[in-house]
$ cat my_file-v3.cif   # mmCIF, C-alpha atoms
data_query
#
loop_
_atom_site.label_atom_id
_atom_site.label_comp_id
_atom_site.auth_asym_id
_atom_site.auth_seq_id
_atom_site.Cartn_x
_atom_site.Cartn_y
_atom_site.Cartn_z
CA MET W 364 12.17 -6.39 -4.42
CA GLY W 365 11.17 -7.07 -0.85
CA SER W 366 13.06 -4.01 0.30
CA PHE W 367 11.31 -1.99 -2.41
CA VAL W 368 7.86 -3.14 -1.22
CA LEU W 369 8.89 -2.44 2.36
CA ALA W 370 10.11 1.04 1.39
CA VAL W 371 6.84 1.89 -0.41
CA GLY W 372 4.82 0.63 2.55
CA LEU W 373 6.87 2.66 5.01
CA TRP W 374 6.64 5.72 2.76
CA LEU W 375 2.85 5.47 2.64
CA ARG W 376 2.67 4.89 6.40
CA PHE W 377 4.99 7.73 7.41
CA ASP W 378 4.34 10.21 4.58
CA PRO W 379 3.66 13.49 6.43
CA GLU W 380 0.77 14.37 4.14
CA THR W 381 -1.00 11.03 4.60
CA VAL W 382 -0.34 10.87 8.33
CA SER W 383 -1.60 14.43 8.88
CA LEU W 384 -4.84 13.60 7.07
CA LEU W 385 -5.48 10.36 8.90
CA SER W 386 -4.36 11.22 12.42
CA GLY W 387 -6.74 12.12 15.18
CA ASP W 388 -9.48 10.54 17.22
CA LYS W 389 -11.92 8.31 15.37
CA ALA W 390 -9.95 8.61 12.12
CA PRO W 391 -10.62 5.73 9.72
CA ASP W 392 -7.85 3.15 9.58
CA THR W 393 -8.91 1.19 6.49
CA PHE W 394 -6.15 2.76 4.37
CA PHE W 395 -3.46 1.80 6.87
CA ILE W 396 -4.58 -1.85 6.94
CA GLY W 397 -3.48 -2.24 3.31
CA VAL W 398 -0.26 -0.36 4.04
CA TYR W 399 0.54 -2.68 6.98
CA ILE W 400 -0.01 -5.68 4.69
CA LEU W 401 2.51 -4.17 2.25
CA ILE W 402 5.05 -3.65 5.03
CA GLY W 403 4.63 -7.24 6.27
CA ALA W 404 4.82 -8.69 2.78
CA GLY W 405 7.96 -6.66 1.98
CA SER W 406 9.69 -7.87 5.13
CA LEU W 407 8.72 -11.45 4.43
CA VAL W 408 9.92 -11.26 0.82
CA MET W 409 13.29 -9.94 2.01
CA LEU W 410 13.65 -12.85 4.41
CA VAL W 411 12.51 -15.44 1.86
CA GLY W 412 14.83 -13.90 -0.75
CA PHE W 413 17.76 -14.38 1.59
CA PHE W 414 16.90 -18.06 2.03
CA GLY W 415 16.44 -18.43 -1.73
CA CYS W 416 19.93 -17.06 -2.29
CA CYS W 417 21.30 -19.51 0.29
CA GLY W 418 19.51 -22.35 -1.51
CA ALA W 419 20.97 -21.32 -4.86
CA VAL W 420 24.51 -21.00 -3.50
CA ARG W 421 24.37 -24.33 -1.67
CA GLU W 422 22.48 -25.96 -4.57
CA SER W 423 19.83 -27.28 -2.20
CA GLN W 424 16.66 -28.58 -3.83
CA CYS W 425 14.86 -28.42 -0.49
CA LEU W 426 15.66 -24.74 0.05
CA LEU W 427 14.78 -23.85 -3.54
CA GLY W 428 11.48 -25.73 -3.29
CA SER W 429 10.72 -23.97 -0.01
CA PHE W 430 11.63 -20.66 -1.63
CA PHE W 431 9.18 -21.38 -4.45
CA ALA W 432 6.40 -22.33 -2.00
CA CYS W 433 6.96 -19.21 0.11
CA LEU W 434 6.96 -16.99 -2.97
CA LEU W 435 3.70 -18.59 -4.08
CA ILE W 436 2.07 -17.93 -0.68
CA ILE W 437 3.35 -14.34 -0.61
CA PHE W 438 2.17 -13.82 -4.17
CA GLY W 439 -1.30 -15.02 -3.19
CA SER W 440 -1.42 -12.73 -0.15
CA GLU W 441 -0.30 -9.72 -2.17
CA VAL W 442 -2.96 -10.42 -4.78
CA ALA W 443 -5.53 -10.70 -1.98
CA ALA W 444 -4.35 -7.40 -0.46
CA GLY W 445 -4.52 -5.71 -3.86
CA VAL W 446 -8.02 -6.98 -4.48
CA PHE W 447 -9.03 -5.87 -0.97
CA GLY W 448 -7.63 -2.39 -1.58
CA PHE W 449 -9.28 -1.88 -4.95
CA LEU W 450 -12.62 -3.34 -3.87
CA ASN W 451 -12.65 -1.13 -0.77
CA LYS W 452 -11.24 1.96 -2.49
CA ASP W 453 -14.57 3.74 -2.45
CA LYS W 454 -15.21 2.79 1.18
CA ILE W 455 -11.81 4.13 2.21
CA ILE W 456 -12.47 7.42 0.44
CA GLU W 457 -16.00 7.63 1.85
CA ASP W 458 -14.78 6.97 5.41
CA VAL W 459 -12.18 9.72 5.18
CA GLN W 460 -14.71 12.13 3.66
CA LYS W 461 -17.22 11.42 6.46
CA PHE W 462 -14.47 11.91 9.03
CA TYR W 463 -13.54 15.24 7.44
CA VAL W 464 -17.16 16.48 7.23
CA LYS W 465 -17.81 15.52 10.88
CA THR W 466 -14.62 17.22 12.05
CA TYR W 467 -15.32 20.29 9.87
CA ASP W 468 -18.85 20.64 11.26
CA GLU W 469 -17.54 20.42 14.84
CA ASN W 470 -14.68 22.90 14.44
CA ASN W 471 -13.87 24.35 11.03
CA ASN W 472 -10.80 26.20 12.33
CA GLY W 473 -9.13 23.23 14.04
CA THR W 474 -5.58 22.10 13.39
CA LEU W 475 -6.71 18.94 11.59
CA ILE W 476 -9.01 20.91 9.26
CA MET W 477 -6.21 23.36 8.50
CA SER W 478 -3.93 20.41 7.74
CA TYR W 479 -6.46 19.00 5.26
CA GLN W 480 -6.88 22.37 3.60
CA LYS W 481 -3.14 22.98 3.38
CA VAL W 482 -2.21 19.53 2.03
CA LEU W 483 -5.14 19.18 -0.38
CA LYS W 484 -5.34 22.88 -1.35
CA CYS W 485 -9.08 22.94 -0.74
CA CYS W 486 -11.64 24.52 1.53
CA GLY W 487 -14.98 23.54 3.02
CA THR W 488 -17.35 20.76 2.09
CA ILE W 489 -19.85 20.28 -0.73
CA SER W 490 -22.76 21.23 1.53
CA ASN W 491 -20.88 23.94 3.44
CA PRO W 492 -18.39 25.68 1.12
CA CYS W 493 -15.96 28.31 2.35
CA SER W 494 -16.82 31.94 1.88
CA ASP W 495 -13.32 32.59 0.55
CA THR W 496 -12.81 32.04 -3.16
CA GLU W 497 -9.12 31.12 -2.85
CA PRO W 498 -9.24 27.36 -3.53
CA ASP W 499 -11.63 26.41 -6.26
CA LYS W 500 -12.48 22.93 -4.94
CA ASP W 501 -14.05 21.57 -1.81
CA CYS W 502 -12.12 19.18 0.43
CA GLU W 503 -14.38 16.21 -0.24
CA THR W 504 -13.31 16.31 -3.90
CA GLY W 505 -9.72 16.92 -2.79
CA ILE W 506 -9.81 13.82 -0.56
CA LYS W 507 -11.10 11.69 -3.42
CA ASP W 508 -8.39 12.94 -5.80
CA PHE W 509 -5.64 12.49 -3.19
CA PHE W 510 -6.48 8.89 -2.33
CA ASN W 511 -7.12 7.90 -5.93
CA SER W 512 -3.56 8.95 -6.76
CA LYS W 513 -2.09 7.10 -3.73
CA LEU W 514 -4.05 3.91 -4.40
CA TYR W 515 -2.89 3.81 -8.01
CA ILE W 516 0.72 4.04 -6.83
CA ILE W 517 0.13 1.00 -4.63
CA GLY W 518 -1.52 -0.83 -7.54
CA TYR W 519 1.32 -0.16 -9.96
CA VAL W 520 3.93 -1.22 -7.42
CA GLY W 521 1.94 -4.39 -6.72
CA ILE W 522 1.77 -5.31 -10.40
CA GLY W 523 5.51 -4.77 -10.80
CA ILE W 524 6.30 -6.84 -7.73
CA ALA W 525 3.96 -9.62 -8.91
CA GLY W 526 5.85 -9.81 -12.21
CA VAL W 527 9.20 -10.06 -10.47
CA MET W 528 7.86 -12.72 -8.09
CA ILE W 529 6.59 -14.82 -11.01
CA ILE W 530 10.03 -14.59 -12.63
CA GLY W 531 11.61 -15.60 -9.30
CA MET W 532 9.32 -18.63 -9.03
CA ILE W 533 10.15 -19.68 -12.58
CA PHE W 534 13.91 -19.34 -12.04
CA SER W 535 13.79 -21.21 -8.73
CA MET W 536 12.01 -24.16 -10.36
CA VAL W 537 14.39 -24.14 -13.35
CA LEU W 538 17.39 -24.08 -11.01
CA CYS W 539 15.89 -26.82 -8.84
CA CYS W 540 15.30 -29.04 -11.90
CA ALA W 541 18.81 -28.30 -13.20
CA ILE W 542 20.32 -29.33 -9.87
CA ARG W 543 18.28 -32.55 -9.86
CA ASN W 544 19.29 -33.36 -13.46
CA SER W 545 22.97 -32.69 -12.81
CA ARG W 546 22.93 -35.00 -9.81
CA GLU W 547 21.23 -37.75 -11.81
CA VAL W 548 23.99 -37.62 -14.45
CA ILE W 549 26.71 -38.14 -11.86
#
$ encode --input "my_file-v3.cif" --output "C-alpha cells"
Amino acid sequence: MGSFVLAVGLWLRFDPETVSLLSGDKAPDTFFIGVYILIGAGSLVMLVGFFGCCGAVRESQCLLGSFFACLLIIFGSEVAAGVFGFLNKDKIIEDVQKFYVKTYDENNNGTLIMSYQKVLKCCGTISNPCSDTEPDKDCETGIKDFFNSKLYIIGYVGIGIAGVMIIGMIFSMVLCCAIRNSREVI
C-alpha cells in the first residue's frame, strides 16, 4: 500500500497536465505541498511495512509493537494531510485562478496560457472572455473543475489507504498477542 500511495503522489507531481498548469514564476505551490506529503507518507509506509514483515517472520513482539506505533503515527499524519487538503481546497483553487487571471491579463497569448487552454479546453476569464466561441467555458471554471476532480482522487485513495492501515494495525496487535500467548504456554 505504501508503494501505491507513493505512485499516486508521484503521478500527481509529475502528471504533465498538472505540471504544465502549475509551472512558472509565482505559481502557487499549495497543491504540491499535499502531494509531497503523500510521497513522503508512501515512502515511509513502504519502509515500515518492510520492518513489519521482518517482525512477523522473526516473531518479534518489539518489532511488531514498533510497526503498530509507526502505522499509528503515519495514519495520524495522513489524516492531518487529508484534512489540510480538503479544508484548503477552495484556497488552492482560488490561488490557481488568481495566478491564471494575472498571467492572462499580462499576456493572453503566452505559452502558459495556451497550455491552460489546451489542457482545460477553455478560453479567457469570467471578466474577459475570448472572442472566439470555440470553448463554451472560461478557464476559471475549468480550473475549478480540474482541481475538484484531482482532489477527490486524492481523497478516495486516502480513505482506501486508511482502511488498509487500520487492518494492518489490528493484525499486528493480534499477531503480537498470539506470539506472547504462545511463549507463555511454553
$ atom_distance --input "my_file-v3.cif" --atom1 "CA of Ile396 in chain W" --atom2 "CA of Met364 in chain W"
20.7 Å
$ closest_residue --input "my_file-v3.cif" --among "W:Val398, W:Leu385, W:Leu373, W:Leu475" --to "Glu441 in chain W" --atoms "only C-alpha atoms"
W:Val398
$ atom_distance --input "my_file-v3.cif" --atom1 "CA of Leu483 in chain W" --atom2 "CA of Asn511 in chain W"
12.7 Å
$ resolve_selection --input "my_file-v3.cif" --expression "the PyMOL selection byres ((chain W and resi 486) around 7)" --output "ChimeraX atom specification"
/W:480,485,487-488,492-493,498,500-502
$ closest_residue --input "my_file-v3.cif" --among "W:Gly526, W:Glu547, W:Leu426, W:Ile506" --to "Lys484 in chain W" --atoms "all atoms listed in the file"
W:Ile506
$ resolve_selection --input "my_file-v3.cif" --expression "the PyMOL selection byres ((chain W and resi 457) around 12)" --output "number ranges by chain"
W: 390-391, 393-394, 451-456, 458-464, 503-504, 506-507, 510-511
$ residues_around --input "my_file-v3.cif" --residues "Phe395 in chain W" --least-positions-apart "6" --cutoff "10 Å" --atoms "only C-alpha atoms" --output "list in words"
Gly372, Leu375, Arg376, Thr381, Val382, Leu385, Leu401 and Ile455 of chain W
$ residues_around --input "my_file-v3.cif" --residues "Gly428 in chain W" --least-positions-apart "6" --cutoff "8 Å" --atoms "all atoms listed in the file" --output "NGL selection string"
:W and (535-536 or 539)
$ closest_residue --input "my_file-v3.cif" --among "W:Leu427, W:Val520, W:Val442, W:Val368" --to "Gly415 in chain W" --atoms "only C-alpha atoms"
W:Leu427
$ closest_residue --input "my_file-v3.cif" --among "W:Thr466, W:Gly521, W:Pro379, W:Ala541" --to "Gly365 in chain W" --atoms "only C-alpha atoms"
W:Gly521
$ resolve_selection --input "my_file-v3.cif" --expression "the PyMOL selection byres ((chain W and resi 434) around 8)" --output "number ranges by chain"
W: 408, 411, 430-433, 435-438, 528, 531-532
$ atom_distance --input "my_file-v3.cif" --atom1 "CA of Leu410 in chain W" --atom2 "CA of Leu514 in chain W"
25.9 Å
$ axis_aligned_box --input "my_file-v3.cif" --around "range 468-474 of chain W" --padding-each-side "8 Å" --output "AutoDock Vina command-line options"
--center_x -12.2 --center_y 23.3 --center_z 12.9 --size_x 29.3 --size_y 21.8 --size_z 19.8
$ closest_residue --input "my_file-v3.cif" --among "W:Gly412, W:Gly418, W:Gly397, W:Gly523" --to "Gly445 in chain W" --atoms "only C-alpha atoms"
W:Gly397
$ closest_residue --input "my_file-v3.cif" --among "W:Cys540, W:Ala404, W:Met409, W:Ala370" --to "Cys425 in chain W" --atoms "only C-alpha atoms"
W:Cys540
